[in-house]
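Engineer: Take a look at this one; I'll ask things after.
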Amino acid sequence: MRGVVFDGKQVQVVEDLEIRDPGPGEVLVAIAAAGLCHSDLSVIDGTIPFPPPVVLGHEGAGVVEAVGSGVTHVAPGDHVSLSTLANCGACADCDRGRPTMCRKAIGMPGQPFSRGGKPLFQFASNSAFAERTIVKAVQAVKIPDDIPLTSAALIGCGVLTGVGAVLNRARVDHGESVVVIGTGGIGLNVIQGARIAGAGTIVAVDANPAKEPVARRFGATHFIDASAVPDSSAAVREILPTGADHAFECVGSVKLIRQAVDLLDRHGQAILLGVPGFKEEASFMVSSMYLDKTIMGCRYGSSRPQRDIALYAELYRQGGLLLDELVTETYPIEDFAKAVDDARHGRVARGVLTF
């Protein structure tokens, strides 16, 4: 079968991948569509260290082909959106409703794939850039058949992370002010999460002026072209003179993390969603934090995927959540290189690979 493999030096689309049968508590899914996220690119450029060879992809949707023993909530033929959260469901964190903190879901990549008799790692417990993948049952969330799978694919990462960061982690309230630094796939979902939460002012900041129409479509009340002003922080302050209640950094730049912190009003929260290099350090003025300000990390939107994916799917059906508008371009898997180039140059909100 076809898939995208990174061997530690180069990426290639191969046609000779093999995958084992699902075991107990596992689900075999035929992938229909998978979003290309910057986390996949971060594996390729080394920002996210991951052992090669690895089958990439982690934002996908498809149709269940087979299930292992003990799986009862999905069956062959069901449409599913996949999460990357292979949490155990039994530890103290899972029991508290914090599956993103499950220690068994982090840093333990499996090897359900093989090529030429040699095993390959699975990225983010998912590997959606393959015609078929195996996930733990908890990762497969049944969705209505009438949701296009090209759109449903994006729920499992971009939507869960961005919208979840607003609703679950920051808990943005009605009328509050929000600044979103970076309007890629994650940033756009933060924007629409803020809209859904009822934020009063939503300021989007991006160095690409072409991002303005889509940012406003998703809910931004203001847009600042960081490439056109000498000081984007000063431009934000013209809109929010006392600062923001919430500032989301969605790029992964330590400079922009500092900017997010500096833009906070009293009792404000800076939420970090972008991923800098793993050894990079950020700084801030300690004295500024004594006005009840907070710097918050956020993993995967602090989500509970079985609950949240179903919630977002229904919200989409009701017209409250934008998914189709996120899909700027679709590519056959063979055009992976073009999809990567478009993503790196900011030409797409989200590019989606199809099989």
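By order of appearance in the structure tokens: chains A, B, ..., then residues from 1 within every chain, and ligands from 1 in the order shown.
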Sort by chain and increasing residue number a table of all residues of region 5-114 of chain A within 9 Å of region 119-132 of chain A, each with its closest pair of atoms and their distance in Å to one decimal, counting only C-alpha atoms, and write it as CSV.
Structural biologist:
```
residue,atom,partner,partner_atom,distance
A:Val5,CA,A:Phe129,CA,8.5
A:Leu17,CA,A:Ala130,CA,8.3
A:Glu18,CA,A:Arg132,CA,9.0
A:Ile19,CA,A:Arg132,CA,7.5
A:Leu28,CA,A:Arg132,CA,6.9
A:Val29,CA,A:Arg132,CA,5.5
A:Ala30,CA,A:Arg132,CA,4.5
A:Ile31,CA,A:Glu131,CA,5.3
A:Ala32,CA,A:Glu131,CA,7.5
A:Ala33,CA,A:Ala128,CA,8.0
A:Ala34,CA,A:Ala128,CA,5.9
A:Gly35,CA,A:Ala128,CA,8.5
A:Leu36,CA,A:Phe129,CA,8.9
A:Asp40,CA,A:Phe123,CA,8.7
A:Phe50,CA,A:Phe123,CA,8.0
A:Pro51,CA,A:Phe121,CA,7.3
A:Pro52,CA,A:Phe121,CA,6.8
A:Pro53,CA,A:Leu120,CA,5.4
A:Val54,CA,A:Phe121,CA,4.5
A:Val55,CA,A:Ser127,CA,5.5
A:Leu56,CA,A:Ser127,CA,5.0
A:Gly57,CA,A:Ala128,CA,4.4
A:His58,CA,A:Ala128,CA,5.1
A:Glu59,CA,A:Ala128,CA,6.2
A:Gly60,CA,A:Ala128,CA,5.3
A:Ala61,CA,A:Ala128,CA,8.0
A:Gly62,CA,A:Arg132,CA,8.9
A:Glu65,CA,A:Arg132,CA,8.8
A:Leu82,CA,A:Asn126,CA,7.6
A:Ser83,CA,A:Asn126,CA,7.6
A:Thr84,CA,A:Ala124,CA,5.5
A:Leu85,CA,A:Ser125,CA,7.2
A:Ala86,CA,A:Ser125,CA,6.4
A:Ala105,CA,A:Ser125,CA,8.3
A:Ile106,CA,A:Ala124,CA,8.5
A:Gly107,CA,A:Ala124,CA,8.7
A:Met108,CA,A:Ser125,CA,8.4
A:Pro109,CA,A:Gln122,CA,5.9
A:Gly110,CA,A:Gln122,CA,5.7
A:Gln111,CA,A:Phe121,CA,4.5
A:Pro112,CA,A:Gln122,CA,7.0
A:Phe113,CA,A:Leu120,CA,5.2
A:Ser114,CA,A:Pro119,CA,4.2
```
Engineer: Save out the residues we just selected, N, CA and C atoms, as a tab-separated table (two decimals), in the first residue's frame.
Structural biologist:
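again-v3.tsv, written as the output of this step:
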```tsv
chain	number	residue	atom	x	y	z
A	5	VAL	N	6.93	8.07	3.89
A	5	VAL	CA	7.93	7.57	4.83
A	5	VAL	C	9.09	8.55	4.92
A	17	LEU	N	4.35	-0.43	1.44
A	17	LEU	CA	4.13	-0.55	2.88
A	17	LEU	C	3.22	-1.74	3.17
A	18	GLU	N	3.45	-2.34	4.31
A	18	GLU	CA	2.56	-3.39	4.80
A	18	GLU	C	2.14	-3.05	6.22
A	19	ILE	N	0.99	-3.53	6.61
A	19	ILE	CA	0.50	-3.28	7.96
A	19	ILE	C	-0.08	-4.57	8.52
A	28	LEU	N	-8.51	-1.03	12.56
A	28	LEU	CA	-7.88	-0.83	11.26
A	28	LEU	C	-8.75	0.11	10.45
A	29	VAL	N	-8.15	1.22	9.99
A	29	VAL	CA	-8.90	2.25	9.29
A	29	VAL	C	-8.32	2.47	7.90
A	30	ALA	N	-9.18	2.48	6.89
A	30	ALA	CA	-8.79	2.88	5.54
A	30	ALA	C	-8.87	4.40	5.47
A	31	ILE	N	-7.71	5.04	5.35
A	31	ILE	CA	-7.66	6.50	5.37
A	31	ILE	C	-8.18	7.06	4.05
A	32	ALA	N	-9.11	8.01	4.14
A	32	ALA	CA	-9.62	8.69	2.96
A	32	ALA	C	-8.95	10.03	2.75
A	33	ALA	N	-8.65	10.72	3.85
A	33	ALA	CA	-8.06	12.06	3.76
A	33	ALA	C	-7.24	12.34	5.00
A	34	ALA	N	-6.19	13.14	4.83
A	34	ALA	CA	-5.33	13.49	5.96
A	34	ALA	C	-4.78	14.89	5.76
A	35	GLY	N	-4.91	15.74	6.77
A	35	GLY	CA	-4.39	17.09	6.70
A	35	GLY	C	-2.89	17.12	6.89
A	36	LEU	N	-2.22	18.02	6.17
A	36	LEU	CA	-0.78	18.21	6.34
A	36	LEU	C	-0.58	19.31	7.36
A	40	ASP	N	4.02	17.58	11.16
A	40	ASP	CA	4.64	16.63	10.23
A	40	ASP	C	5.92	17.22	9.65
A	50	PHE	N	12.10	12.53	16.32
A	50	PHE	CA	11.30	11.30	16.25
A	50	PHE	C	12.14	10.23	15.56
A	51	PRO	N	12.10	9.00	16.07
A	51	PRO	CA	12.96	7.96	15.51
A	51	PRO	C	12.52	7.54	14.11
A	52	PRO	N	13.43	7.50	13.15
A	52	PRO	CA	13.11	6.98	11.81
A	52	PRO	C	13.44	5.49	11.74
A	53	PRO	N	12.99	4.83	10.70
A	53	PRO	CA	12.05	5.32	9.69
A	53	PRO	C	10.64	5.38	10.26
A	54	VAL	N	9.88	6.36	9.80
A	54	VAL	CA	8.55	6.59	10.36
A	54	VAL	C	7.57	6.90	9.24
A	55	VAL	N	6.35	6.40	9.39
A	55	VAL	CA	5.26	6.75	8.49
A	55	VAL	C	4.60	8.01	9.06
A	56	LEU	N	4.59	9.09	8.29
A	56	LEU	CA	4.12	10.38	8.78
A	56	LEU	C	2.60	10.50	8.74
A	57	GLY	N	2.14	11.64	9.24
A	57	GLY	CA	0.71	11.95	9.24
A	57	GLY	C	0.07	11.71	10.60
A	58	HIS	N	-0.83	12.61	10.98
A	58	HIS	CA	-1.50	12.43	12.27
A	58	HIS	C	-2.86	13.10	12.33
A	59	GLU	N	-3.37	13.58	11.20
A	59	GLU	CA	-4.64	14.31	11.18
A	59	GLU	C	-5.50	13.69	10.07
A	60	GLY	N	-6.25	12.66	10.41
A	60	GLY	CA	-6.91	11.91	9.34
A	60	GLY	C	-8.32	11.47	9.67
A	61	ALA	N	-9.00	11.02	8.63
A	61	ALA	CA	-10.33	10.45	8.75
A	61	ALA	C	-10.48	9.37	7.69
A	62	GLY	N	-11.34	8.41	7.97
A	62	GLY	CA	-11.53	7.33	7.02
A	62	GLY	C	-12.66	6.41	7.43
A	65	GLU	N	-12.20	-0.61	8.63
A	65	GLU	CA	-12.16	-1.85	7.86
A	65	GLU	C	-12.30	-3.08	8.74
A	82	LEU	N	-9.88	10.53	13.45
A	82	LEU	CA	-8.87	9.93	14.32
A	82	LEU	C	-8.20	10.98	15.19
A	83	SER	N	-8.02	10.65	16.46
A	83	SER	CA	-7.22	11.49	17.34
A	83	SER	C	-5.82	10.90	17.42
A	84	THR	N	-4.89	11.69	17.92
A	84	THR	CA	-3.53	11.19	18.12
A	84	THR	C	-3.33	10.70	19.55
A	85	LEU	N	-4.37	10.77	20.34
A	85	LEU	CA	-4.24	10.55	21.78
A	85	LEU	C	-4.51	9.09	22.13
A	86	ALA	N	-3.44	8.31	22.17
A	86	ALA	CA	-3.57	6.89	22.50
A	86	ALA	C	-3.49	6.70	24.02
A	105	ALA	N	0.46	7.67	26.87
A	105	ALA	CA	0.15	8.15	25.52
A	105	ALA	C	1.28	8.97	24.93
A	106	ILE	N	2.38	9.11	25.66
A	106	ILE	CA	3.46	9.98	25.22
A	106	ILE	C	4.77	9.19	25.12
A	107	GLY	N	5.44	9.32	23.98
A	107	GLY	CA	6.80	8.80	23.88
A	107	GLY	C	6.95	7.30	23.75
A	108	MET	N	5.90	6.63	23.30
A	108	MET	CA	5.99	5.18	23.15
A	108	MET	C	5.51	4.78	21.75
A	109	PRO	N	6.23	5.15	20.70
A	109	PRO	CA	5.75	4.85	19.35
A	109	PRO	C	5.76	3.35	19.04
A	110	GLY	N	4.67	2.90	18.44
A	110	GLY	CA	4.58	1.50	18.02
A	110	GLY	C	5.14	1.32	16.62
A	111	GLN	N	5.14	0.08	16.17
A	111	GLN	CA	5.66	-0.25	14.84
A	111	GLN	C	4.71	-1.22	14.12
A	112	PRO	N	3.51	-0.73	13.79
A	112	PRO	CA	2.56	-1.62	13.11
A	112	PRO	C	2.84	-1.79	11.63
A	113	PHE	N	3.75	-0.96	11.08
A	113	PHE	CA	4.06	-1.00	9.66
A	113	PHE	C	5.37	-1.76	9.41
A	114	SER	N	5.48	-2.26	8.20
A	114	SER	CA	6.76	-2.84	7.77
A	114	SER	C	6.94	-2.57	6.29
```
Engineer: Please return, as number ranges by chain, all residues of region 200-349 of chain A that DSSP assigns to strand (DSSP E or B) on the basis of the backbone.
Structural biologist: A: 201-206, 222-225, 244-249, 264-272, 294-297, 327-332
Engineer: So that I can see what lies close to region 144-160 of chain A, please list as a PyMOL selection string the residues with an atom at most 9 Å from it, counting only C-alpha atoms and leaving out residues fewer than 6 positions away in the same chain.
Structural biologist: chain A and resi 32-35+37+58-62+78-84+185-190+193+300-305+308-310+312-314+316-317+323-327+330+350+352-354
Engineer: Could you check the closest approach to Gly243 (chain A) for each of A:Ile196, A:Ala75, A:Val179, A:Val67 and tell me which residue wins, using only C-alpha atoms?
Structural biologist: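 When distances to Gly243 (chain A) are compared using only C-alpha atoms, the smallest one comes from A:Val179.
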Engineer: Need to verify the contact set: Thr183 (chain A), 10 Å, only C-alpha atoms, exclusion of same-chain residues closer than 5 positions in sequence. Can you return it as a PDB file with C-alpha atoms, in the first residue's frame?
Structural biologist:
```pdb
ATOM      1  CA  LEU A 188      -7.669  29.912  12.495  1.00  0.00           C
ATOM      2  CA  ASN A 189      -9.191  27.365  14.835  1.00  0.00           C
ATOM      3  CA  VAL A 190      -8.240  29.495  17.828  1.00  0.00           C
ATOM      4  CA  ILE A 191     -10.013  32.383  16.113  1.00  0.00           C
ATOM      5  CA  ALA A 204      -5.402  38.314  14.437  1.00  0.00           C
ATOM      6  CA  VAL A 205      -1.712  39.041  13.817  1.00  0.00           C
ATOM      7  CA  ASP A 206       0.160  37.610  10.833  1.00  0.00           C
ATOM      8  CA  ALA A 207       3.023  38.668   8.563  1.00  0.00           C
ATOM      9  CA  ASN A 208       1.120  37.503   5.486  1.00  0.00           C
ATOM     10  CA  LYS A 211      -4.403  35.758   5.474  1.00  0.00           C
ATOM     11  CA  GLU A 212      -6.745  38.623   6.383  1.00  0.00           C
ATOM     12  CA  VAL A 214      -9.902  34.016   5.896  1.00  0.00           C
ATOM     13  CA  ALA A 215      -9.041  35.242   9.418  1.00  0.00           C
ATOM     14  CA  GLU A 249       1.006  32.104  20.256  1.00  0.00           C
ATOM     15  CA  CYS A 250       0.461  29.772  17.296  1.00  0.00           C
ATOM     16  CA  VAL A 251       3.780  30.034  15.449  1.00  0.00           C
ATOM     17  CA  GLY A 346       1.783  29.875   3.578  1.00  0.00           C
ATOM     18  CA  ALA A 349      -4.840  27.272   5.491  1.00  0.00           C
TER      19      ALA A 349
END
```
Engineer: One decimal, Å: what's the distance from CA of Lys279 (chain A) over to CA of Gln259 (chain A), could you say?
Structural biologist: 19.3 Å
Engineer: Which residue out of A:Arg347, A:Lys338, A:His222, A:Arg195 has the minimum interatomic distance to Leu167 (chain A) when only C-alpha atoms are used?
Structural biologist: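 So, comparing all the options, the nearest one is A:Arg195.
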Engineer: What is the distance between CA of Val236 (chain A) and CA of Arg266 (chain A), in Å to one decimal?
Structural biologist: 15.6 Å
Engineer: Excluding Ala137 (chain A) and any residue of its chain fewer than 6 positions from it, enumerate the residues within 10 Å of it, using only C-alpha atoms, and give them as a PyMOL selection string.
Structural biologist: chain A and resi 24-28+67-68+70-74+82+86-87
Engineer: Within 12 Å of region 88-102 of chain A, which residues of region 125-167 of chain A show up? Give each one with its shortest atom-to-atom distance in Å (one decimal) and the two atoms involved, counting only C-alpha atoms, rows by chain then rising residue number, as a tab-separated table.
Structural biologist:
```
residue	atom	partner	partner_atom	distance
A:Lys136	CA	A:Cys88	CA	9.2
A:Ala137	CA	A:Cys88	CA	10.2
A:Val138	CA	A:Gly89	CA	8.1
A:Gln139	CA	A:Cys88	CA	10.5
A:Leu160	CA	A:Thr100	CA	11.4
A:Thr161	CA	A:Thr100	CA	11.0
A:Gly164	CA	A:Thr100	CA	11.6
```
